[in-house]
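Next comes start_9.pdb, a file with PDB, C-alpha atoms.
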```pdb
ATOM      1  CA  MET P  27      60.443  84.275  49.780
ATOM      2  CA  ALA P  28      58.377  85.520  52.733
ATOM      3  CA  PHE P  29      58.585  82.050  54.249
ATOM      4  CA  LEU P  30      62.276  82.565  54.965
ATOM      5  CA  LYS P  31      61.457  85.310  57.439
ATOM      6  CA  ILE P  32      58.891  83.084  59.182
ATOM      7  CA  LEU P  33      61.365  80.211  59.232
ATOM      8  CA  PHE P  34      64.067  82.419  60.684
ATOM      9  CA  ASP P  35      61.682  83.862  63.297
ATOM     10  CA  ASN P  36      60.550  80.376  64.322
ATOM     11  CA  LEU P  37      64.117  79.160  64.663
ATOM     12  CA  ARG P  38      64.981  82.176  66.775
ATOM     13  CA  LYS P  39      61.950  81.924  69.083
ATOM     14  CA  GLY P  40      62.113  78.156  69.585
ATOM     15  CA  PRO P  41      59.108  75.961  70.300
ATOM     16  CA  ALA P  42      55.907  77.682  71.399
ATOM     17  CA  THR P  43      54.776  74.691  73.457
ATOM     18  CA  GLU P  44      55.090  74.961  77.230
ATOM     19  CA  ALA P  45      57.257  72.345  78.877
ATOM     20  CA  PHE P  46      54.525  71.231  81.308
ATOM     21  CA  PRO P  47      54.037  68.368  82.327
ATOM     22  CA  PHE P  48      57.714  67.575  81.632
ATOM     23  CA  GLY P  49      58.863  70.860  83.143
ATOM     24  CA  GLU P  50      57.493  73.722  85.209
ATOM     25  CA  ALA P  51      54.590  75.835  83.931
ATOM     26  CA  ALA P  52      54.693  79.607  84.236
ATOM     27  CA  THR P  53      51.995  80.896  86.561
ATOM     28  CA  PRO P  54      51.160  84.578  86.986
ATOM     29  CA  ASP P  55      51.379  85.804  90.590
ATOM     30  CA  ALA P  56      47.810  87.097  90.396
ATOM     31  CA  TYR P  57      46.424  83.741  89.220
ATOM     32  CA  ARG P  58      43.402  82.807  91.319
ATOM     33  CA  GLY P  59      44.027  79.290  92.546
ATOM     34  CA  LYS P  60      43.742  77.445  95.835
ATOM     35  CA  VAL P  61      42.373  79.435  98.757
ATOM     36  CA  THR P  62      44.653  79.911 101.749
ATOM     37  CA  PHE P  63      43.457  80.838 105.206
ATOM     38  CA  ASP P  64      45.360  82.519 108.019
ATOM     39  CA  GLU P  65      43.611  81.828 111.318
ATOM     40  CA  THR P  66      45.704  84.352 113.274
ATOM     41  CA  ASN P  67      44.087  87.283 111.470
ATOM     42  CA  CYS P  68      40.518  85.989 111.076
ATOM     43  CA  VAL P  69      37.965  88.073 112.991
ATOM     44  CA  GLY P  70      35.082  85.638 112.602
ATOM     45  CA  CYS P  71      32.790  87.986 110.672
ATOM     46  CA  ASN P  72      31.660  85.074 108.420
ATOM     47  CA  MET P  73      31.558  87.384 105.414
ATOM     48  CA  CYS P  74      33.513  84.891 103.265
ATOM     49  CA  GLU P  75      30.931  82.203 104.021
ATOM     50  CA  HIS P  76      28.131  84.624 103.149
ATOM     51  CA  VAL P  77      29.559  85.691  99.767
ATOM     52  CA  CYS P  78      30.899  82.263  98.726
ATOM     53  CA  ALA P  79      29.168  81.490  95.432
ATOM     54  CA  GLY P  80      29.875  77.781  95.480
ATOM     55  CA  GLY P  81      29.122  77.302  99.185
ATOM     56  CA  ALA P  82      32.658  76.032  99.712
ATOM     57  CA  ILE P  83      33.240  77.792 103.053
ATOM     58  CA  ARG P  84      31.585  76.757 106.295
ATOM     59  CA  PHE P  85      32.029  78.240 109.752
ATOM     60  CA  SER P  86      30.817  76.526 112.884
ATOM     61  CA  GLU P  87      30.964  77.807 116.433
ATOM     62  CA  GLN P  88      32.378  75.307 118.867
ATOM     63  CA  GLU P  89      33.782  75.293 122.375
ATOM     64  CA  ASP P  90      37.428  75.703 121.424
ATOM     65  CA  GLY P  91      36.820  78.346 118.792
ATOM     66  CA  LEU P  92      35.407  79.056 115.409
ATOM     67  CA  HIS P  93      35.936  76.159 113.006
ATOM     68  CA  PHE P  94      36.707  77.171 109.427
ATOM     69  CA  LEU P  95      36.255  74.615 106.650
ATOM     70  CA  ILE P  96      36.782  74.920 102.920
ATOM     71  CA  TRP P  97      36.181  72.195 100.334
ATOM     72  CA  HIS P  98      38.314  73.044  97.300
ATOM     73  CA  ASN P  99      36.199  70.832  95.055
ATOM     74  CA  THR P 100      33.333  73.293  95.074
ATOM     75  CA  CYS P 101      35.359  76.522  95.142
ATOM     76  CA  ILE P 102      35.047  78.483  91.893
ATOM     77  CA  SER P 103      38.087  80.686  92.676
ATOM     78  CA  CYS P 104      36.014  83.836  92.159
ATOM     79  CA  GLY P 105      37.973  85.662  94.856
ATOM     80  CA  LEU P 106      34.919  87.202  96.545
ATOM     81  CA  CYS P 107      36.039  85.862  99.936
ATOM     82  CA  ALA P 108      39.442  87.548  99.581
ATOM     83  CA  HIS P 109      37.810  90.745  98.323
ATOM     84  CA  TYR P 110      35.399  91.043 101.243
ATOM     85  CA  CYS P 111      37.725  89.849 104.004
ATOM     86  CA  PRO P 112      38.305  92.943 106.204
ATOM     87  CA  THR P 113      41.647  91.721 107.567
ATOM     88  CA  LYS P 114      42.788  89.808 104.452
ATOM     89  CA  ALA P 115      42.992  86.590 106.423
ATOM     90  CA  ILE P 116      41.677  84.662 103.437
ATOM     91  CA  LYS P 117      43.604  84.871 100.196
ATOM     92  CA  LEU P 118      43.900  83.098  96.873
ATOM     93  CA  SER P 119      47.282  81.592  96.125
ATOM     94  CA  ASN P 120      48.432  80.834  92.605
ATOM     95  CA  ASP P 121      48.600  77.099  93.306
ATOM     96  CA  TRP P 122      46.593  75.255  90.653
ATOM     97  CA  HIS P 123      47.864  71.700  91.194
ATOM     98  CA  LEU P 124      44.490  70.523  92.406
ATOM     99  CA  SER P 125      43.836  67.460  90.252
ATOM    100  CA  HIS P 126      43.494  64.291  92.294
ATOM    101  CA  LEU P 127      42.250  60.730  92.176
ATOM    102  CA  GLN P 128      38.656  59.923  93.034
ATOM    103  CA  GLU P 129      39.670  58.286  96.344
ATOM    104  CA  GLU P 130      40.972  61.665  97.542
ATOM    105  CA  LYS P 131      37.858  63.573  96.535
ATOM    106  CA  TYR P 132      36.685  64.305 100.072
ATOM    107  CA  GLU P 133      40.205  64.953 101.366
ATOM    108  CA  GLN P 134      40.479  68.207  99.419
ATOM    109  CA  VAL P 135      39.503  70.084 102.539
ATOM    110  CA  ASP P 136      41.320  72.667 104.624
ATOM    111  CA  HIS P 137      40.328  73.025 108.228
ATOM    112  CA  ALA P 138      41.416  75.629 110.745
ATOM    113  CA  VAL P 139      40.371  76.607 114.242
ATOM    114  CA  VAL P 140      40.155  80.304 115.038
ATOM    115  CA  PRO P 141      40.492  80.535 118.836
ATOM    116  CA  TYR P 142      38.221  82.853 120.788
ATOM    117  CA  ARG P 143      39.760  85.590 122.900
ATOM    118  CA  HIS P 144      38.835  86.254 126.492
ATOM    119  CA  CYS P 145      38.453  89.634 128.143
ATOM    120  CA  THR P 146      41.573  90.314 130.209
ATOM    121  CA  SER P 147      39.461  92.018 132.843
ATOM    122  CA  CYS P 148      36.304  89.943 133.323
ATOM    123  CA  GLY P 149      37.107  86.808 131.290
ATOM    124  CA  GLU P 150      34.110  87.024 129.008
ATOM    125  CA  ARG P 151      34.411  85.272 125.653
ATOM    126  CA  LEU P 152      35.194  87.633 122.754
ATOM    127  CA  GLN P 153      35.053  87.266 119.015
ATOM    128  CA  PRO P 154      38.426  86.347 117.523
ATOM    129  CA  GLY P 155      40.727  89.148 116.435
ATOM    130  CA  GLY P 156      44.334  89.380 115.467
ATOM    131  CA  PRO P 157      47.117  91.899 114.890
ATOM    132  CA  MET P 158      45.533  93.002 111.627
ATOM    133  CA  LEU P 159      42.244  93.947 113.324
ATOM    134  CA  HIS P 160      44.244  95.848 115.940
ATOM    135  CA  GLN P 161      45.999  97.726 113.154
ATOM    136  CA  LEU P 162      42.705  98.569 111.447
ATOM    137  CA  ALA P 163      40.809  99.565 114.594
ATOM    138  CA  PHE P 164      43.451 101.711 116.273
ATOM    139  CA  LYS P 165      45.445 102.864 113.219
ATOM    140  CA  GLY P 166      48.694 101.664 114.717
ATOM    141  CA  THR P 167      49.799  99.897 117.862
ATOM    142  CA  ASN P 168      50.680 101.176 121.280
ATOM    143  CA  PRO P 169      50.522  99.578 124.747
ATOM    144  CA  ARG P 170      47.236 101.324 125.540
ATOM    145  CA  SER P 171      45.447 100.111 122.453
ATOM    146  CA  GLN P 172      46.925  96.668 123.074
ATOM    147  CA  ARG P 173      45.294  96.599 126.506
ATOM    148  CA  LEU P 174      41.955  97.956 125.297
ATOM    149  CA  MET P 175      41.895  95.565 122.372
ATOM    150  CA  ASN P 176      41.731  92.495 124.579
ATOM    151  CA  MET P 177      38.830  93.694 126.718
ATOM    152  CA  CYS P 178      35.111  93.235 126.264
ATOM    153  CA  PRO P 179      33.214  96.428 125.288
ATOM    154  CA  ASP P 180      31.986  97.039 128.852
ATOM    155  CA  CYS P 181      35.393  96.700 130.470
ATOM    156  CA  ARG P 182      36.926  98.778 127.694
ATOM    157  CA  ARG P 183      34.448 101.564 128.373
ATOM    158  CA  LYS P 184      35.150 101.453 132.117
ATOM    159  CA  ALA P 185      38.908 101.343 131.575
ATOM    160  CA  SER P 186      38.808 104.252 129.170
ATOM    161  CA  TYR P 187      36.613 106.287 131.489
ATOM    162  CA  SER P 188      38.595 105.700 134.661
ATOM    163  CA  GLY P 189      41.812 106.344 132.799
ATOM    164  CA  GLU P 190      43.437 103.116 133.972
ATOM    165  CA  ALA P 191      44.215 102.153 130.413
ATOM    166  CA  LEU P 192      46.324 105.239 129.895
TER     167      LEU P 192
ATOM    168  CA  MET Y  28      46.709  41.775  67.707
ATOM    169  CA  ASP Y  29      49.374  41.934  70.355
ATOM    170  CA  PHE Y  30      51.023  44.800  68.532
ATOM    171  CA  PHE Y  31      47.765  46.787  68.514
ATOM    172  CA  SER Y  32      47.047  46.306  72.200
ATOM    173  CA  LYS Y  33      50.602  47.380  73.026
ATOM    174  CA  ALA Y  34      50.231  50.482  70.869
ATOM    175  CA  ALA Y  35      46.818  51.266  72.332
ATOM    176  CA  ARG Y  36      48.292  51.245  75.818
ATOM    177  CA  LYS Y  37      50.579  54.104  74.850
ATOM    178  CA  SER Y  38      48.089  56.180  72.900
ATOM    179  CA  PRO Y  39      44.684  56.437  74.538
ATOM    180  CA  TRP Y  40      42.077  58.456  72.698
ATOM    181  CA  LEU Y  41      40.174  61.161  74.475
ATOM    182  CA  TYR Y  42      36.472  61.742  74.207
ATOM    183  CA  ARG Y  43      34.554  64.681  75.600
ATOM    184  CA  ILE Y  44      31.056  64.582  77.045
ATOM    185  CA  ASN Y  45      29.303  67.821  77.863
ATOM    186  CA  ALA Y  46      26.877  67.051  80.674
ATOM    187  CA  GLY Y  47      25.196  70.449  80.684
ATOM    188  CA  SER Y  48      28.345  72.487  81.096
ATOM    189  CA  CYS Y  49      28.429  76.268  80.678
ATOM    190  CA  ASN Y  50      31.081  75.709  77.958
ATOM    191  CA  GLY Y  51      33.852  77.256  80.061
ATOM    192  CA  CYS Y  52      35.514  73.902  80.653
ATOM    193  CA  ASP Y  53      34.821  72.868  77.035
ATOM    194  CA  VAL Y  54      36.672  75.922  75.792
ATOM    195  CA  GLU Y  55      39.601  75.002  78.040
ATOM    196  CA  LEU Y  56      39.501  71.429  76.707
ATOM    197  CA  ALA Y  57      39.565  72.743  73.142
ATOM    198  CA  THR Y  58      42.448  75.037  74.100
ATOM    199  CA  THR Y  59      44.355  72.122  75.618
ATOM    200  CA  ALA Y  60      44.280  70.240  72.337
ATOM    201  CA  CYS Y  61      44.190  72.890  69.639
ATOM    202  CA  ILE Y  62      46.701  75.481  70.802
ATOM    203  CA  PRO Y  63      50.382  74.607  70.225
ATOM    204  CA  ARG Y  64      51.246  76.235  73.534
ATOM    205  CA  TYR Y  65      49.596  73.403  75.526
ATOM    206  CA  ASP Y  66      49.426  70.555  72.998
ATOM    207  CA  VAL Y  67      47.989  67.579  74.850
ATOM    208  CA  GLU Y  68      48.981  65.310  71.956
ATOM    209  CA  ARG Y  69      52.556  65.260  73.253
ATOM    210  CA  LEU Y  70      51.279  62.749  75.803
ATOM    211  CA  GLY Y  71      50.342  60.371  73.023
ATOM    212  CA  CYS Y  72      46.616  60.980  73.106
ATOM    213  CA  GLN Y  73      44.220  62.719  70.781
ATOM    214  CA  TYR Y  74      40.577  63.670  70.711
ATOM    215  CA  CYS Y  75      38.231  61.440  68.788
ATOM    216  CA  GLY Y  76      34.726  62.071  67.535
ATOM    217  CA  SER Y  77      33.049  58.794  68.322
ATOM    218  CA  PRO Y  78      32.476  57.296  71.769
ATOM    219  CA  LYS Y  79      33.218  53.849  70.305
ATOM    220  CA  HIS Y  80      36.854  54.829  69.741
ATOM    221  CA  ALA Y  81      37.392  56.393  73.149
ATOM    222  CA  ASP Y  82      39.651  55.249  75.980
ATOM    223  CA  ILE Y  83      39.658  58.252  78.294
ATOM    224  CA  VAL Y  84      36.426  60.187  78.824
ATOM    225  CA  LEU Y  85      36.499  63.827  79.876
ATOM    226  CA  ILE Y  86      33.187  64.898  81.373
ATOM    227  CA  THR Y  87      32.280  68.525  81.982
ATOM    228  CA  GLY Y  88      29.122  69.994  83.452
ATOM    229  CA  PRO Y  89      26.942  69.229  86.464
ATOM    230  CA  LEU Y  90      24.799  66.532  84.771
ATOM    231  CA  THR Y  91      21.582  68.435  84.275
ATOM    232  CA  ALA Y  92      18.285  66.583  84.513
ATOM    233  CA  ARG Y  93      17.723  67.195  80.814
ATOM    234  CA  VAL Y  94      20.920  65.558  79.536
ATOM    235  CA  LYS Y  95      21.257  62.833  82.162
ATOM    236  CA  ASP Y  96      19.819  59.992  80.052
ATOM    237  CA  LYS Y  97      21.736  61.054  76.963
ATOM    238  CA  VAL Y  98      25.019  61.266  78.851
ATOM    239  CA  LEU Y  99      24.528  57.831  80.386
ATOM    240  CA  ARG Y 100      23.631  56.383  76.973
ATOM    241  CA  VAL Y 101      26.748  57.840  75.348
ATOM    242  CA  TYR Y 102      28.859  56.708  78.299
ATOM    243  CA  ASP Y 103      27.590  53.134  77.884
ATOM    244  CA  GLU Y 104      28.702  53.159  74.250
ATOM    245  CA  ILE Y 105      32.324  53.664  75.278
ATOM    246  CA  PRO Y 106      34.008  50.258  75.328
ATOM    247  CA  ASP Y 107      35.584  48.965  78.535
ATOM    248  CA  PRO Y 108      38.184  49.450  79.874
ATOM    249  CA  LYS Y 109      37.874  53.200  80.089
ATOM    250  CA  VAL Y 110      39.131  55.938  82.387
ATOM    251  CA  THR Y 111      36.786  58.742  83.417
ATOM    252  CA  VAL Y 112      38.022  62.243  84.201
ATOM    253  CA  ALA Y 113      35.700  64.849  85.712
ATOM    254  CA  VAL Y 114      36.804  68.269  84.465
ATOM    255  CA  GLY Y 115      35.735  71.320  86.444
ATOM    256  CA  ILE Y 116      34.023  71.493  89.802
ATOM    257  CA  CYS Y 117      30.525  70.950  88.336
ATOM    258  CA  PRO Y 118      30.808  67.199  87.697
ATOM    259  CA  ILE Y 119      32.789  66.748  90.915
ATOM    260  CA  SER Y 120      30.468  68.456  93.379
ATOM    261  CA  GLY Y 121      27.854  70.415  91.455
ATOM    262  CA  GLY Y 122      29.769  73.642  92.021
ATOM    263  CA  VAL Y 123      27.562  76.710  92.012
ATOM    264  CA  PHE Y 124      24.632  74.550  90.884
ATOM    265  CA  ARG Y 125      24.885  72.273  93.903
ATOM    266  CA  GLU Y 126      21.478  71.313  95.322
ATOM    267  CA  SER Y 127      19.648  72.833  92.344
ATOM    268  CA  TYR Y 128      16.404  71.206  91.211
ATOM    269  CA  ALA Y 129      17.708  71.104  87.631
ATOM    270  CA  ILE Y 130      20.807  68.994  88.164
ATOM    271  CA  GLU Y 131      21.245  65.313  88.927
ATOM    272  CA  GLY Y 132      24.957  65.478  89.757
ATOM    273  CA  PRO Y 133      27.533  65.088  91.200
ATOM    274  CA  ILE Y 134      28.402  62.752  88.384
ATOM    275  CA  ASP Y 135      29.928  60.030  90.556
ATOM    276  CA  ARG Y 136      26.413  59.085  91.633
ATOM    277  CA  TYR Y 137      25.937  57.519  88.199
ATOM    278  CA  LEU Y 138      29.386  56.926  86.698
ATOM    279  CA  PRO Y 139      32.623  55.564  88.144
ATOM    280  CA  VAL Y 140      34.981  58.568  88.108
ATOM    281  CA  ASP Y 141      38.746  58.003  88.317
ATOM    282  CA  VAL Y 142      40.361  61.439  88.260
ATOM    283  CA  ASN Y 143      39.003  64.830  89.330
ATOM    284  CA  VAL Y 144      40.311  68.120  87.952
ATOM    285  CA  PRO Y 145      38.733  70.924  89.985
ATOM    286  CA  GLY Y 146      38.673  74.530  88.829
ATOM    287  CA  CYS Y 147      36.121  76.878  87.345
ATOM    288  CA  PRO Y 148      37.376  76.303  84.713
ATOM    289  CA  PRO Y 149      40.682  74.514  85.350
ATOM    290  CA  ARG Y 150      43.555  76.029  83.391
ATOM    291  CA  PRO Y 151      44.874  73.974  80.445
ATOM    292  CA  GLN Y 152      47.953  72.908  82.385
ATOM    293  CA  ALA Y 153      45.722  71.557  85.162
ATOM    294  CA  ILE Y 154      43.728  69.582  82.588
ATOM    295  CA  ILE Y 155      46.980  68.185  81.161
ATOM    296  CA  GLU Y 156      48.002  67.209  84.700
ATOM    297  CA  GLY Y 157      44.682  65.377  85.140
ATOM    298  CA  ILE Y 158      45.018  63.650  81.773
ATOM    299  CA  ALA Y 159      48.558  62.572  82.716
ATOM    300  CA  LYS Y 160      47.093  60.918  85.846
ATOM    301  CA  ALA Y 161      44.388  59.295  83.728
ATOM    302  CA  ILE Y 162      47.017  57.936  81.315
ATOM    303  CA  GLU Y 163      48.821  56.311  84.247
ATOM    304  CA  ILE Y 164      45.588  54.592  85.267
ATOM    305  CA  TRP Y 165      44.917  53.679  81.643
ATOM    306  CA  ALA Y 166      48.355  52.013  81.298
ATOM    307  CA  LYS Y 167      47.487  49.731  84.220
ATOM    308  CA  ARG Y 168      43.965  49.033  83.063
ATOM    309  CA  ALA Y 169      44.428  48.494  79.315
TER     310      ALA Y 169
END
```

As a first step, turn the structure in this file into structure tokens.
Amino acid sequence: MAFLKILFDNLRKGPATEAFPFGEAATPDAYRGKVTFDETNCVGCNMCEHVCAGGAIRFSEQEDGLHFLIWHNTCISCGLCAHYCPTKAIKLSNDWHLSHLQEEKYEQVDHAVVPYRHCTSCGERLQPGGPMLHQLAFKGTNPRSQRLMNMCPDCRRKASYSGEAL
Amino acid sequence: MDFFSKAARKSPWLYRINAGSCNGCDVELATTACIPRYDVERLGCQYCGSPKHADIVLITGPLTARVKDKVLRVYDEIPDPKVTVAVGICPISGGVFRESYAIEGPIDRYLPVDVNVPGCPPRPQAIIEGIAKAIEIWAKRA
């Protein structure tokens, strides 16, 4: 009569089959899916490109800024880019709806432009940096660090020394 | 005969080809069919053992130089019309093996691919999503 217990348990639990594709599928928050990129926090260190196992990430330096490109069709979702990103500008979302028709194969690309900064004092071109880098470099924000942050190293040294940044 | 072609339109049979895959995607394909939690057979399809019975082909792996001829031979045995699904990033782009001396892929150099399911490996739900797209194409083509 052991089958009665199994029968009762099965009736209580309901079907084990997930509703997908006729309903929504449960996805864990930590699921490593499609890569997302936040150009406001990227510092242009190119570490994600360097560690990318599938060669999915490409950076190219152009006039208007640093061009970031990722082709999702060769990303293995290993998460190395997110792990090594110092400002966490690159992350893995839990979006896994990536299947597509062959015609859209080369459209599975995300492109972003990370603008260069310019020194507020002499106008020299600086590597990109955002609020997150500011937070990391100065351990908090204040008007002085804000001013120093947007200067080239030479001007920053002069400003610090002369005390004008105080 | 008309009855059979109508029935066939609703129940395509799946066939798997391993083109030098690491078995990750193959395990996910087995999971998709064998585990009640995913159960691809709800969509009216089932895996078959012979390429001659197949309607939808699921290809995994980057098409290594060693299996290329065998894969193409098996693919030719599948009767037309057929729908080809590339499962995993390897057949789509080569993935981590891209530009290796040992692979001949991406697979669309040699075979007409219809649906791509990227992932390394794609989760079973993603494979089911890809198969659902393939079934739509199959309904038009059959």

If you count all atoms listed in the file, the residue of Y:Asp96, Y:Asp107, Y:Glu131, Y:Asp66 closest to chain P turns out to be Y:Asp66

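Take atom CA of P:Trp122 and atom CA of P:Gly59: the distance between them is 5.1 Å.
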
If the ChimeraX specification (/Y :<7) & /P is run on the structure shown, which residues does it catch, given as a ChimeraX atom specification?
/P:42-44,46-47,79-80,99-100,102-103,122-128

Could those selected residues go to a file with C-alpha atoms, as an mmCIF file, keeping the file's coordinate frame?
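So the final result, stored in again_9.cif, reads:
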```cif
data_model
loop_
_atom_site.group_PDB
_atom_site.id
_atom_site.type_symbol
_atom_site.label_atom_id
_atom_site.label_comp_id
_atom_site.auth_asym_id
_atom_site.auth_seq_id
_atom_site.Cartn_x
_atom_site.Cartn_y
_atom_site.Cartn_z
ATOM 1 C CA ALA P 42 55.907 77.682 71.399
ATOM 2 C CA THR P 43 54.776 74.691 73.457
ATOM 3 C CA GLU P 44 55.090 74.961 77.230
ATOM 4 C CA PHE P 46 54.525 71.231 81.308
ATOM 5 C CA PRO P 47 54.037 68.368 82.327
ATOM 6 C CA ALA P 79 29.168 81.490 95.432
ATOM 7 C CA GLY P 80 29.875 77.781 95.480
ATOM 8 C CA ASN P 99 36.199 70.832 95.055
ATOM 9 C CA THR P 100 33.333 73.293 95.074
ATOM 10 C CA ILE P 102 35.047 78.483 91.893
ATOM 11 C CA SER P 103 38.087 80.686 92.676
ATOM 12 C CA TRP P 122 46.593 75.255 90.653
ATOM 13 C CA HIS P 123 47.864 71.700 91.194
ATOM 14 C CA LEU P 124 44.490 70.523 92.406
ATOM 15 C CA SER P 125 43.836 67.460 90.252
ATOM 16 C CA HIS P 126 43.494 64.291 92.294
ATOM 17 C CA LEU P 127 42.250 60.730 92.176
ATOM 18 C CA GLN P 128 38.656 59.923 93.034
#
```

What residues come out when you apply the PyMOL selection byres ((chain Y and resi 47-55) around 6) to this file, written as a list of chain:residue names?
Y:Asn45, Y:Ala46, Y:Leu56, Y:Ala57, Y:Thr58, Y:Thr87, Y:Gly88, Y:Leu90, Y:Thr91, Y:Pro148, Y:Pro151

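Taking atom CA of P:Thr113 as the reference point, atom CA of P:Met158 is found at 5.8 Å.
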
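Among Y:Ile83, Y:Leu138, Y:Ala169, Y:Cys61, the residue with the shortest atom-to-atom distance to Y:Lys95, counting all atoms listed in the file, is Y:Leu138.
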
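Coordinates place atom CA of P:Pro112 at a distance of 13.5 Å from atom CA of P:His76.
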
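Against this structure, the PyMOL selection byres ((chain Y and resi 72-74) around 6) ends up with Ser38, Pro39, Trp40, Leu41, Tyr42, Glu68, Leu70, Gly71 and Cys75 of chain Y.
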
Could you list, as JSON, numbers by chain, every residue within 9 Å of P:Thr146, counting all atoms listed in the file and ignoring same-chain residues fewer than 4 positions away?
{"P": [150, 173, 176, 177, 178, 181]}

Do a neighbour search on P:Val139 at 8 Å with all atoms listed in the file, toss out local chain neighbours closer than 6 positions, and write the hits as an MDAnalysis selection string.
chainID P and resid 65 90:94

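Residue nearest P:Ala108, chosen from P:Lys131, P:Arg38, P:Lys60, P:Arg183 and counting all atoms listed in the file: P:Lys60.
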
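Minimum atom-to-atom distances from P:Ala52, P:Ile116, P:Val140, P:Val135 to P:Gln88 were compared using only C-alpha atoms, and the lowest value belongs to P:Val140.
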
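Among P:Leu37, P:Ala45, P:Leu95, P:Met27, the residue with the shortest atom-to-atom distance to P:Asn72, counting all atoms listed in the file, is P:Leu95.
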
If we count all atoms listed in the file and set the cut-off at 9 Å, which residues sit around Y:Tyr137, ignoring sequence neighbours fewer than 4 positions away in its own chain? Please answer as a list of chain:residue names.
Y:Leu99, Y:Gly132, Y:Pro133

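The shortest atom-to-atom distance to P:Phe63, with all atoms listed in the file taken into account, belongs to P:Ala138 out of P:Leu33, P:Ala138, P:Met175, P:Cys101.
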
Enclose stretch 102-112 of chain Y, meaning all of its atoms listed in the file, in a box aligned along x, y and z, pad it by 3 Å on each side, and list the centre and edge lengths in Å to one decimal, as lines of an AutoDock Vina configuration file.
```
center_x = 33.4
center_y = 55.6
center_z = 79.2
size_x = 17.5
size_y = 19.3
size_z = 16.0
```
